[in-house]
Amino acid sequence: MPIDEGTRLGRYEIRSKIGAGGMGEVYLAQDTKLGRRVAIKFLPAESAEDKHAIKRLIREAKAAAALDHQNICSIYEVGEEGDKSFIVMQFVEGETLDLRIKRKPYELKESLTIASQIADALVEAHEHAIIHRDIKPSNIMITSRGQAKVMDFGLARVIAGAAESEAETQNMLTRPGTIVGTMPYMSPEQVTGGSLDARSDIFSFGVVLYEMISGRQPFTSESAAATVSAILTHEPPPLARYASDVPEEFQRIVRKCLEKDRERRYQSARELLVDLGNLKRDAESGALLAGQLTTARRIVLLRRSKAIDSLAILPLTNASADPNLEYLSDGITENIINNLSQLPKLRVMARSTVFRYKGKDVDPQVIGRDLGVRAVMTGRVLQLGDSLIVGTEMVDVADGSQLWGEQYKRKLSDIFVVQEEIARQVSERLRIKLTGQEKKRLTKRHTEDIEAYQAYLKGCYYSKKWTPEGFKKEVEYFAEAIRIDPTYALAYAGLAGTYYRAATVYLPPGEAMPKAKAAAMKALELDDTVAEAHASMGLAKEYCDWDWLGAEREFKRAIELNPNNALGHLVYGAYLNEKGRLNEAILELKRAQQLDPLSLEINTMLALPFYCARQYDQSLAQLQKTIEMDPGYPQAYYFLGWVYEQKGEFAKAIAAYEKGLSLTPRLPLATAALGHALAISGKRDEARAVLDELNELSEHIYISPYDVAIVYIGLRENDQAFAWLEKAYDERSVWMVRLNFDRRLDSLRSDPRFTDLLRRVGFEP
């Protein structure tokens, strides 16, 4: 039936069309019985017979009708007339927030009033177990009196007690053409199809807050794909770029709403509402001077927070005259980092990030601001005979004041007690409330033997060297720790990691990976709660067994046990990349980067999902950022060559490989990559010379057949390439996990032999 002026729907008489909202057209109508104006929303004609769309319309009515709040548009009833399904709702006279923003971005005080009202509406909805899932300016009306009204719960989901089954919900959400939410306002978990909770609304609300002040959306790009990428990987430009007088506290609130990792966002709308309310009070009382919080007020706000939620522990200084004791100061630092990183409420900067400041004269406040943490701990370690002196200090990044300081003078045999006391006192000073289980984890000892522990620390120290001599030393010291204490699970986990790394450089995988797996199995047999052992077992299942499901279970368990361990997120992100789950890989690697922002390995690995997605410019940009961090990091040049090859810039690819080789001479995988680039650029004789060099190297070190195959692929000698790939398969080369994404192999993908190889390695052809 047509909808025109004068059309009657029972007691409602249509007056005029006023727009479209969410699912369908919206009309102004008169309730002839009660003598009031109402808005009527109709299901689109093309969806009228769609049972899922009708269910959604009814769900919208039921969800919103459960809410009775001054900042939520009221629902009166749902009905049907002929072939039309409709909702009758409160008519709100005014303009949508998006139209208001287009006219002029809000001033601070006015924006805080509107923002507080919207947040209050979300509190009401979330506390009724309802999430909106489409918070955006066009779904918020501003009345003539300046009151906000949140509308259109057409995408709302009842978290508990849903009317339809989860299976029905998923079917509705995954139908072709169905978009849940509005792209520029979606949370990262929304765009990747993940499970949603109230924190997704908080992210969307953060986008709205940003737009209210700046007049622009923080993530919108030239295409939907680019917008998704921005939501998943990019930080928005600072608000201060568009509004110079925006208070620092407002910027902090917006940043916290827009955290990619929802564990770091506001955990409830009520918590957000409190912060907005406090800032609004300051603005109205004059505590905001020239648009900024006074220093005193910032400190008050910081002190008033429940807990300091982020910390960087800088490498403790070896104050002893003996450089051979460097392992001790490094080991104590790493142990404290590992203990505190197990606390889910605290973000602790990872070892590889903080150790980039080792030996430097640094200002803790400056480092804290650079790393985006709220507290920084420094310290010194001095060993005098069998005495151990450890001095520590923790600084508030906001104002440079000391939060805590202590000096411990104990026997060396009391090193466990010292580390436990430091971890406990740090958590107390940061005002972190710990559960009984968290307290146990914080002070857990993996060995009671001081000699075993010292041997373990030495193994960890040499594991960071990445040299042949370092490899021998770490095996020696981890083995010594195990000999002294055969129940030392953490030492077995360390040994597993050693053999995994050796399989890529120092030993044939057929020798190294079974040793890695055996060590990981022993660690888990002794203690199933060691996150590092689960990560090592995941690597063994992935690289040695090609047991992809088993590997993923281990990686997830490692992250569950220690969610703040950057390595766990790194290896899982690499796994997801190899499986082609690129959006998930980006999220996991970004989480690793947040925990370990200065890690060269993580920053390099973050370029790979873009390479796999053929987004070569983004991959290139990420690699160039890594090189800016450290021009001497060889792996970045290796992947840089990959990208230049795919862009057809062969001279640049060759130069990148040569730069990498100048930093790590005769590295097999880089040598082979250079041979491939020479071959595809037409320098076949030089490429064959590389094959000769690899053959010569094989008499001294392990050369993966995969690397040899790469050169033959460049020469377009496919039979030889497949012969060497088969050898790589037989030897369980760790590089075989790259079959699914290595673009240098694209010329082989149409060959049935390649399809068969993919299947045997566990990939779906």
# chains A, B, ... in the order shown; residues from 1 in each chain; ligands from 1
call {"tool": "residues_around", "arguments": {"residues": "range 363-368 of chain A", "least_positions_apart": "6", "cutoff": "10 Å", "atoms": "only C-alpha atoms", "output": "PyMOL selection string"}}
result
chain A and resi 310-314+354+357+374-378+394-401
call {"tool": "residues_around", "arguments": {"residues": "Tyr706 in chain A", "least_positions_apart": "6", "cutoff": "8 Å", "atoms": "only C-alpha atoms", "output": "VMD selection string"}}
result
chain A and resid 724 to 725 727 to 728 733 735 to 736
call {"tool": "write_last_selection", "arguments": {"atoms": "all heavy atoms", "output": "PDB file, in the first residue's frame"}}
result
ATOM      1  N   TRP A 724      63.156 -28.797  -5.220  1.00  0.00           N
ATOM      2  CA  TRP A 724      63.706 -28.257  -3.974  1.00  0.00           C
ATOM      3  C   TRP A 724      62.611 -28.013  -2.930  1.00  0.00           C
ATOM      4  O   TRP A 724      62.848 -28.182  -1.729  1.00  0.00           O
ATOM      5  CB  TRP A 724      64.483 -26.976  -4.249  1.00  0.00           C
ATOM      6  CG  TRP A 724      65.830 -27.268  -4.841  1.00  0.00           C
ATOM      7  CD1 TRP A 724      66.174 -27.286  -6.160  1.00  0.00           C
ATOM      8  CD2 TRP A 724      67.007 -27.641  -4.117  1.00  0.00           C
ATOM      9  NE1 TRP A 724      67.496 -27.634  -6.328  1.00  0.00           N
ATOM     10  CE2 TRP A 724      68.044 -27.859  -5.090  1.00  0.00           C
ATOM     11  CE3 TRP A 724      67.313 -27.813  -2.775  1.00  0.00           C
ATOM     12  CZ2 TRP A 724      69.332 -28.237  -4.728  1.00  0.00           C
ATOM     13  CZ3 TRP A 724      68.597 -28.188  -2.413  1.00  0.00           C
ATOM     14  CH2 TRP A 724      69.594 -28.398  -3.378  1.00  0.00           C
ATOM     15  N   LEU A 725      61.410 -27.646  -3.366  1.00  0.00           N
ATOM     16  CA  LEU A 725      60.305 -27.509  -2.411  1.00  0.00           C
ATOM     17  C   LEU A 725      59.948 -28.855  -1.793  1.00  0.00           C
ATOM     18  O   LEU A 725      59.581 -28.935  -0.609  1.00  0.00           O
ATOM     19  CB  LEU A 725      59.081 -26.890  -3.087  1.00  0.00           C
ATOM     20  CG  LEU A 725      59.164 -25.386  -3.383  1.00  0.00           C
ATOM     21  CD1 LEU A 725      57.950 -24.928  -4.189  1.00  0.00           C
ATOM     22  CD2 LEU A 725      59.272 -24.572  -2.094  1.00  0.00           C
ATOM     23  N   LYS A 727      62.102 -31.214  -1.253  1.00  0.00           N
ATOM     24  CA  LYS A 727      63.145 -31.437  -0.250  1.00  0.00           C
ATOM     25  C   LYS A 727      62.839 -30.642   1.026  1.00  0.00           C
ATOM     26  O   LYS A 727      63.033 -31.139   2.143  1.00  0.00           O
ATOM     27  CB  LYS A 727      64.507 -31.019  -0.807  1.00  0.00           C
ATOM     28  CG  LYS A 727      65.049 -31.935  -1.898  1.00  0.00           C
ATOM     29  CD  LYS A 727      66.421 -31.439  -2.380  1.00  0.00           C
ATOM     30  CE  LYS A 727      66.946 -32.320  -3.511  1.00  0.00           C
ATOM     31  NZ  LYS A 727      68.266 -31.851  -4.016  1.00  0.00           N
ATOM     32  N   ALA A 728      62.374 -29.432   0.827  1.00  0.00           N
ATOM     33  CA  ALA A 728      62.013 -28.611   1.988  1.00  0.00           C
ATOM     34  C   ALA A 728      60.875 -29.267   2.773  1.00  0.00           C
ATOM     35  O   ALA A 728      60.864 -29.255   4.013  1.00  0.00           O
ATOM     36  CB  ALA A 728      61.608 -27.209   1.534  1.00  0.00           C
ATOM     37  N   SER A 733      61.206 -27.933   6.605  1.00  0.00           N
ATOM     38  CA  SER A 733      61.746 -26.586   6.672  1.00  0.00           C
ATOM     39  C   SER A 733      60.726 -25.649   7.304  1.00  0.00           C
ATOM     40  O   SER A 733      59.539 -25.674   6.961  1.00  0.00           O
ATOM     41  CB  SER A 733      62.109 -26.083   5.271  1.00  0.00           C
ATOM     42  OG  SER A 733      62.366 -24.691   5.299  1.00  0.00           O
ATOM     43  N   TRP A 735      60.356 -22.637   6.786  1.00  0.00           N
ATOM     44  CA  TRP A 735      59.834 -21.657   5.827  1.00  0.00           C
ATOM     45  C   TRP A 735      58.636 -22.188   5.049  1.00  0.00           C
ATOM     46  O   TRP A 735      57.971 -21.415   4.356  1.00  0.00           O
ATOM     47  CB  TRP A 735      60.916 -21.230   4.847  1.00  0.00           C
ATOM     48  CG  TRP A 735      62.153 -20.646   5.452  1.00  0.00           C
ATOM     49  CD1 TRP A 735      63.434 -20.879   5.070  1.00  0.00           C
ATOM     50  CD2 TRP A 735      62.243 -19.709   6.534  1.00  0.00           C
ATOM     51  NE1 TRP A 735      64.320 -20.178   5.836  1.00  0.00           N
ATOM     52  CE2 TRP A 735      63.616 -19.440   6.750  1.00  0.00           C
ATOM     53  CE3 TRP A 735      61.307 -19.080   7.347  1.00  0.00           C
ATOM     54  CZ2 TRP A 735      64.068 -18.573   7.736  1.00  0.00           C
ATOM     55  CZ3 TRP A 735      61.762 -18.213   8.341  1.00  0.00           C
ATOM     56  CH2 TRP A 735      63.104 -17.964   8.524  1.00  0.00           C
ATOM     57  N   MET A 736      58.309 -23.475   5.178  1.00  0.00           N
ATOM     58  CA  MET A 736      57.162 -24.016   4.443  1.00  0.00           C
ATOM     59  C   MET A 736      55.845 -23.383   4.879  1.00  0.00           C
ATOM     60  O   MET A 736      54.865 -23.412   4.144  1.00  0.00           O
ATOM     61  CB  MET A 736      57.096 -25.535   4.603  1.00  0.00           C
ATOM     62  CG  MET A 736      58.241 -26.278   3.912  1.00  0.00           C
ATOM     63  SD  MET A 736      58.240 -26.063   2.111  1.00  0.00           S
ATOM     64  CE  MET A 736      56.921 -27.175   1.648  1.00  0.00           C
TER      65      MET A 736
END
call {"tool": "residues_around", "arguments": {"residues": "range 328-339 of chain A", "least_positions_apart": "4", "cutoff": "9 Å", "atoms": "only C-alpha atoms", "output": "compact mmCIF listing (two decimals) with all heavy atoms, in the first residue's frame"}}
result
# COMPACT_ATOMS: atom_id res chain seq x y z
N ALA A 312 56.31 1.41 32.70
CA ALA A 312 57.54 0.99 32.02
C ALA A 312 58.60 0.77 33.09
O ALA A 312 58.84 1.64 33.94
CB ALA A 312 58.01 2.05 31.03
N ILE A 313 59.22 -0.40 33.07
CA ILE A 313 60.30 -0.73 34.01
C ILE A 313 61.60 -0.67 33.22
O ILE A 313 61.89 -1.55 32.40
CB ILE A 313 60.10 -2.12 34.62
CG1 ILE A 313 58.76 -2.18 35.36
CG2 ILE A 313 61.25 -2.47 35.57
CD1 ILE A 313 58.33 -3.58 35.73
N LEU A 314 62.37 0.39 33.41
CA LEU A 314 63.61 0.55 32.66
C LEU A 314 64.66 -0.43 33.18
O LEU A 314 64.62 -0.84 34.34
CB LEU A 314 64.11 1.99 32.79
CG LEU A 314 63.19 3.07 32.23
CD1 LEU A 314 63.87 4.43 32.29
CD2 LEU A 314 62.76 2.77 30.81
N PRO A 315 65.60 -0.83 32.32
CA PRO A 315 66.62 -1.80 32.73
C PRO A 315 67.35 -1.34 33.98
O PRO A 315 67.88 -0.23 34.03
CB PRO A 315 67.57 -1.87 31.52
CG PRO A 315 66.74 -1.41 30.37
CD PRO A 315 65.79 -0.40 30.91
N LEU A 316 67.37 -2.18 34.99
CA LEU A 316 68.10 -1.84 36.20
C LEU A 316 69.59 -1.76 35.87
O LEU A 316 70.13 -2.59 35.13
CB LEU A 316 67.86 -2.90 37.28
CG LEU A 316 66.40 -3.13 37.70
CD1 LEU A 316 66.34 -4.08 38.89
CD2 LEU A 316 65.69 -1.83 38.03
N THR A 317 70.24 -0.77 36.40
CA THR A 317 71.65 -0.53 36.10
C THR A 317 72.53 -1.50 36.88
O THR A 317 72.30 -1.74 38.08
CB THR A 317 72.03 0.91 36.48
OG1 THR A 317 71.19 1.82 35.77
CG2 THR A 317 73.48 1.19 36.15
N ASN A 318 73.51 -2.07 36.19
CA ASN A 318 74.51 -2.91 36.86
C ASN A 318 75.52 -1.99 37.53
O ASN A 318 76.42 -1.44 36.88
CB ASN A 318 75.18 -3.83 35.84
CG ASN A 318 76.33 -4.62 36.45
OD1 ASN A 318 76.40 -4.80 37.66
ND2 ASN A 318 77.24 -5.08 35.60
N ALA A 319 75.38 -1.80 38.83
CA ALA A 319 76.26 -0.88 39.56
C ALA A 319 77.53 -1.56 40.02
O ALA A 319 78.40 -0.92 40.63
CB ALA A 319 75.51 -0.30 40.76
N ASN A 324 80.59 -9.00 33.98
CA ASN A 324 80.05 -10.36 33.92
C ASN A 324 78.77 -10.51 34.75
O ASN A 324 78.11 -11.54 34.68
CB ASN A 324 81.10 -11.37 34.42
CG ASN A 324 82.27 -11.49 33.46
OD1 ASN A 324 82.10 -11.42 32.25
ND2 ASN A 324 83.47 -11.65 34.02
N LEU A 343 49.38 -9.35 35.27
CA LEU A 343 48.21 -8.70 35.85
C LEU A 343 47.37 -8.09 34.73
O LEU A 343 47.83 -7.18 34.03
CB LEU A 343 48.64 -7.61 36.84
CG LEU A 343 49.55 -8.09 37.98
CD1 LEU A 343 49.92 -6.92 38.89
CD2 LEU A 343 48.88 -9.20 38.79
N VAL A 348 52.18 -3.35 30.92
CA VAL A 348 53.60 -3.22 31.21
C VAL A 348 54.38 -3.26 29.90
O VAL A 348 54.21 -4.19 29.10
CB VAL A 348 54.08 -4.36 32.14
CG1 VAL A 348 55.56 -4.18 32.48
CG2 VAL A 348 53.24 -4.41 33.41
N MET A 349 55.20 -2.26 29.66
CA MET A 349 56.03 -2.25 28.46
C MET A 349 56.94 -3.47 28.44
O MET A 349 57.54 -3.83 29.45
CB MET A 349 56.88 -0.99 28.40
CG MET A 349 56.13 0.29 28.07
SD MET A 349 55.52 0.34 26.37
CE MET A 349 53.77 0.03 26.66
N ALA A 350 57.04 -4.09 27.26
CA ALA A 350 57.81 -5.33 27.13
C ALA A 350 59.31 -5.07 27.18
O ALA A 350 59.79 -3.95 27.01
CB ALA A 350 57.44 -6.03 25.82
N ARG A 351 60.04 -6.17 27.38
CA ARG A 351 61.48 -6.09 27.55
C ARG A 351 62.18 -5.41 26.39
O ARG A 351 63.02 -4.53 26.58
CB ARG A 351 62.06 -7.51 27.72
CG ARG A 351 63.57 -7.52 27.92
CD ARG A 351 64.16 -8.89 27.68
NE ARG A 351 65.56 -8.93 28.08
CZ ARG A 351 66.57 -8.46 27.34
NH1 ARG A 351 66.32 -7.90 26.16
NH2 ARG A 351 67.82 -8.53 27.76
N PHE A 355 64.48 -2.09 26.94
CA PHE A 355 65.92 -2.33 26.87
C PHE A 355 66.60 -1.50 25.79
O PHE A 355 67.82 -1.44 25.73
CB PHE A 355 66.21 -3.82 26.70
CG PHE A 355 66.41 -4.54 28.00
CD1 PHE A 355 65.35 -4.73 28.88
CD2 PHE A 355 67.66 -4.98 28.39
CE1 PHE A 355 65.52 -5.37 30.09
CE2 PHE A 355 67.86 -5.62 29.61
CZ PHE A 355 66.78 -5.82 30.47
N GLY A 379 66.12 1.69 38.54
CA GLY A 379 66.77 1.05 39.67
C GLY A 379 68.21 0.67 39.39
O GLY A 379 68.73 0.86 38.28
N ARG A 380 68.85 0.14 40.41
CA ARG A 380 70.26 -0.24 40.36
C ARG A 380 70.43 -1.57 41.07
O ARG A 380 69.73 -1.85 42.06
CB ARG A 380 71.14 0.81 41.05
CG ARG A 380 71.04 2.20 40.44
CD ARG A 380 71.33 3.28 41.44
NE ARG A 380 70.44 3.23 42.60
CZ ARG A 380 69.17 3.62 42.59
NH1 ARG A 380 68.64 4.08 41.46
NH2 ARG A 380 68.43 3.55 43.67
N VAL A 381 71.37 -2.36 40.59
CA VAL A 381 71.68 -3.65 41.22
C VAL A 381 73.17 -3.68 41.52
O VAL A 381 74.00 -3.41 40.64
CB VAL A 381 71.30 -4.84 40.32
CG1 VAL A 381 71.73 -6.15 40.96
CG2 VAL A 381 69.80 -4.85 40.04
N LEU A 382 73.50 -4.02 42.75
CA LEU A 382 74.90 -4.11 43.16
C LEU A 382 75.10 -5.43 43.90
O LEU A 382 74.40 -5.72 44.87
CB LEU A 382 75.27 -2.93 44.06
CG LEU A 382 76.68 -2.95 44.67
CD1 LEU A 382 77.74 -2.85 43.56
CD2 LEU A 382 76.84 -1.81 45.67
N GLN A 383 76.06 -6.23 43.42
CA GLN A 383 76.41 -7.46 44.11
C GLN A 383 77.80 -7.30 44.72
O GLN A 383 78.77 -6.99 44.02
CB GLN A 383 76.40 -8.67 43.17
CG GLN A 383 76.71 -9.98 43.90
CD GLN A 383 76.71 -11.19 42.98
OE1 GLN A 383 76.19 -11.13 41.87
NE2 GLN A 383 77.30 -12.28 43.44
N ILE A 415 67.32 -13.45 46.61
CA ILE A 415 66.93 -12.72 45.40
C ILE A 415 65.46 -12.92 45.06
O ILE A 415 64.78 -12.01 44.59
CB ILE A 415 67.83 -13.13 44.20
CG1 ILE A 415 67.52 -12.25 42.99
CG2 ILE A 415 67.66 -14.61 43.87
CD1 ILE A 415 68.49 -12.48 41.84
N GLN A 419 62.65 -9.83 44.59
CA GLN A 419 61.84 -9.64 43.39
C GLN A 419 60.35 -9.69 43.72
O GLN A 419 59.56 -8.91 43.17
CB GLN A 419 62.20 -10.71 42.35
CG GLN A 419 63.60 -10.53 41.80
CD GLN A 419 64.04 -11.64 40.87
OE1 GLN A 419 64.82 -11.43 39.96
NE2 GLN A 419 63.54 -12.84 41.08
N GLU A 420 59.97 -10.58 44.61
CA GLU A 420 58.56 -10.68 45.01
C GLU A 420 58.12 -9.40 45.73
O GLU A 420 57.02 -8.90 45.49
CB GLU A 420 58.36 -11.90 45.90
CG GLU A 420 58.49 -13.22 45.16
CD GLU A 420 58.71 -14.39 46.10
OE1 GLU A 420 58.61 -14.20 47.34
OE2 GLU A 420 59.01 -15.50 45.61
N ILE A 422 59.39 -6.38 45.42
CA ILE A 422 59.30 -5.28 44.45
C ILE A 422 57.99 -5.37 43.68
O ILE A 422 57.27 -4.37 43.54
CB ILE A 422 60.51 -5.31 43.49
CG1 ILE A 422 61.80 -4.95 44.24
CG2 ILE A 422 60.28 -4.33 42.33
CD1 ILE A 422 63.05 -5.10 43.41
N ALA A 423 57.66 -6.56 43.16
CA ALA A 423 56.43 -6.71 42.39
C ALA A 423 55.21 -6.39 43.24
O ALA A 423 54.27 -5.71 42.79
CB ALA A 423 56.34 -8.14 41.84
N ARG A 441 50.08 -15.57 41.54
CA ARG A 441 50.83 -15.52 40.28
C ARG A 441 51.97 -14.51 40.37
O ARG A 441 53.04 -14.69 39.80
CB ARG A 441 49.90 -15.19 39.13
CG ARG A 441 48.94 -16.31 38.77
CD ARG A 441 47.86 -15.86 37.82
NE ARG A 441 48.40 -15.46 36.54
CZ ARG A 441 47.66 -14.92 35.58
NH1 ARG A 441 46.37 -14.71 35.77
NH2 ARG A 441 48.20 -14.59 34.42
N LEU A 442 51.72 -13.43 41.11
CA LEU A 442 52.70 -12.36 41.20
C LEU A 442 53.97 -12.81 41.93
O LEU A 442 55.07 -12.34 41.64
CB LEU A 442 52.08 -11.16 41.92
CG LEU A 442 52.79 -9.82 41.82
CD1 LEU A 442 52.86 -9.36 40.39
CD2 LEU A 442 52.08 -8.77 42.68
N THR A 443 53.81 -13.73 42.88
CA THR A 443 54.95 -14.16 43.70
C THR A 443 55.32 -15.61 43.45
O THR A 443 56.04 -16.21 44.26
CB THR A 443 54.62 -13.95 45.19
OG1 THR A 443 53.43 -14.69 45.52
CG2 THR A 443 54.40 -12.48 45.50
N LYS A 444 54.86 -16.17 42.35
CA LYS A 444 55.14 -17.58 42.08
C LYS A 444 56.63 -17.78 41.79
O LYS A 444 57.24 -17.04 41.03
CB LYS A 444 54.32 -18.05 40.88
CG LYS A 444 54.56 -19.50 40.52
CD LYS A 444 53.67 -19.94 39.38
CE LYS A 444 53.92 -21.38 39.01
NZ LYS A 444 53.00 -21.84 37.95
N GLN A 454 70.24 -18.64 38.64
CA GLN A 454 71.32 -17.87 38.02
C GLN A 454 71.67 -18.43 36.64
O GLN A 454 71.92 -17.67 35.70
CB GLN A 454 72.55 -17.86 38.93
CG GLN A 454 72.41 -16.96 40.14
CD GLN A 454 73.65 -16.94 41.00
OE1 GLN A 454 74.00 -17.94 41.63
NE2 GLN A 454 74.33 -15.81 41.03
N TYR A 456 69.63 -20.00 34.70
CA TYR A 456 68.51 -19.62 33.83
C TYR A 456 68.65 -18.17 33.36
O TYR A 456 68.45 -17.86 32.17
CB TYR A 456 67.19 -19.81 34.58
CG TYR A 456 65.99 -19.25 33.84
CD1 TYR A 456 65.45 -19.90 32.74
CD2 TYR A 456 65.42 -18.04 34.25
CE1 TYR A 456 64.36 -19.35 32.06
CE2 TYR A 456 64.35 -17.49 33.58
CZ TYR A 456 63.82 -18.16 32.49
OH TYR A 456 62.76 -17.62 31.81
N LEU A 457 69.00 -17.27 34.27
CA LEU A 457 69.17 -15.87 33.90
C LEU A 457 70.27 -15.71 32.85
O LEU A 457 70.15 -14.90 31.92
CB LEU A 457 69.50 -15.02 35.12
CG LEU A 457 68.40 -14.83 36.17
CD1 LEU A 457 68.88 -13.87 37.26
CD2 LEU A 457 67.11 -14.32 35.55
N LYS A 458 71.35 -16.49 32.99
CA LYS A 458 72.42 -16.42 32.00
C LYS A 458 71.95 -16.93 30.64
O LYS A 458 72.30 -16.37 29.60
CB LYS A 458 73.63 -17.22 32.48
CG LYS A 458 74.34 -16.59 33.67
CD LYS A 458 75.47 -17.47 34.19
CE LYS A 458 76.13 -16.85 35.42
NZ LYS A 458 77.19 -17.71 35.99
N CYS A 460 68.88 -16.72 29.51
CA CYS A 460 68.05 -15.64 28.95
C CYS A 460 68.92 -14.52 28.40
O CYS A 460 68.63 -13.94 27.35
CB CYS A 460 67.12 -15.09 30.03
SG CYS A 460 65.84 -16.23 30.57
N TYR A 461 69.99 -14.20 29.10
CA TYR A 461 70.90 -13.13 28.69
C TYR A 461 71.50 -13.44 27.31
O TYR A 461 71.49 -12.60 26.41
CB TYR A 461 72.00 -12.97 29.74
CG TYR A 461 73.04 -11.93 29.41
CD1 TYR A 461 72.76 -10.58 29.56
CD2 TYR A 461 74.30 -12.30 28.95
CE1 TYR A 461 73.72 -9.61 29.26
CE2 TYR A 461 75.26 -11.35 28.66
CZ TYR A 461 74.97 -10.01 28.81
OH TYR A 461 75.91 -9.06 28.51
N ASN A 562 48.93 -15.10 30.04
CA ASN A 562 49.67 -13.83 30.19
C ASN A 562 49.26 -12.89 29.06
O ASN A 562 49.94 -12.78 28.05
CB ASN A 562 51.18 -14.07 30.17
CG ASN A 562 51.95 -12.84 30.62
OD1 ASN A 562 51.41 -11.73 30.64
ND2 ASN A 562 53.20 -13.01 30.97
N ASN A 564 49.43 -9.82 28.67
CA ASN A 564 50.30 -8.67 28.42
C ASN A 564 51.68 -9.06 27.91
O ASN A 564 52.58 -8.23 27.88
CB ASN A 564 50.43 -7.84 29.69
CG ASN A 564 49.15 -7.09 30.03
OD1 ASN A 564 48.49 -6.58 29.14
ND2 ASN A 564 48.80 -7.06 31.29
N ASN A 565 51.83 -10.32 27.50
CA ASN A 565 53.10 -10.77 26.96
C ASN A 565 53.12 -10.51 25.47
O ASN A 565 52.37 -11.12 24.70
CB ASN A 565 53.30 -12.27 27.25
CG ASN A 565 54.68 -12.74 26.81
OD1 ASN A 565 55.01 -12.71 25.63
ND2 ASN A 565 55.48 -13.17 27.75
call {"tool": "atom_distance", "arguments": {"atom1": "CA of Arg591 in chain A", "atom2": "CA of Phe610 in chain A"}}
result
16.3 Å
call {"tool": "residues_around", "arguments": {"residues": "Pro597 in chain A", "least_positions_apart": "2", "cutoff": "10 Å", "atoms": "only C-alpha atoms", "output": "list of chain:residue names"}}
result
A:Met349, A:Ala350, A:Ser352, A:Thr353, A:Val354, A:Asp370, A:Leu371, A:Gly372, A:Ala566, A:Lys590, A:Arg591, A:Ala592, A:Gln593, A:Gln594, A:Leu595, A:Ser599, A:Leu600, A:Ile602, A:Asn603
call {"tool": "select_by_dssp", "arguments": {"residues": "range 269-390 of chain A", "states": "alpha helix (DSSP H)", "output": "ChimeraX atom specification"}}
result
/A:269-285,295-304,326-340,351-354,364-371
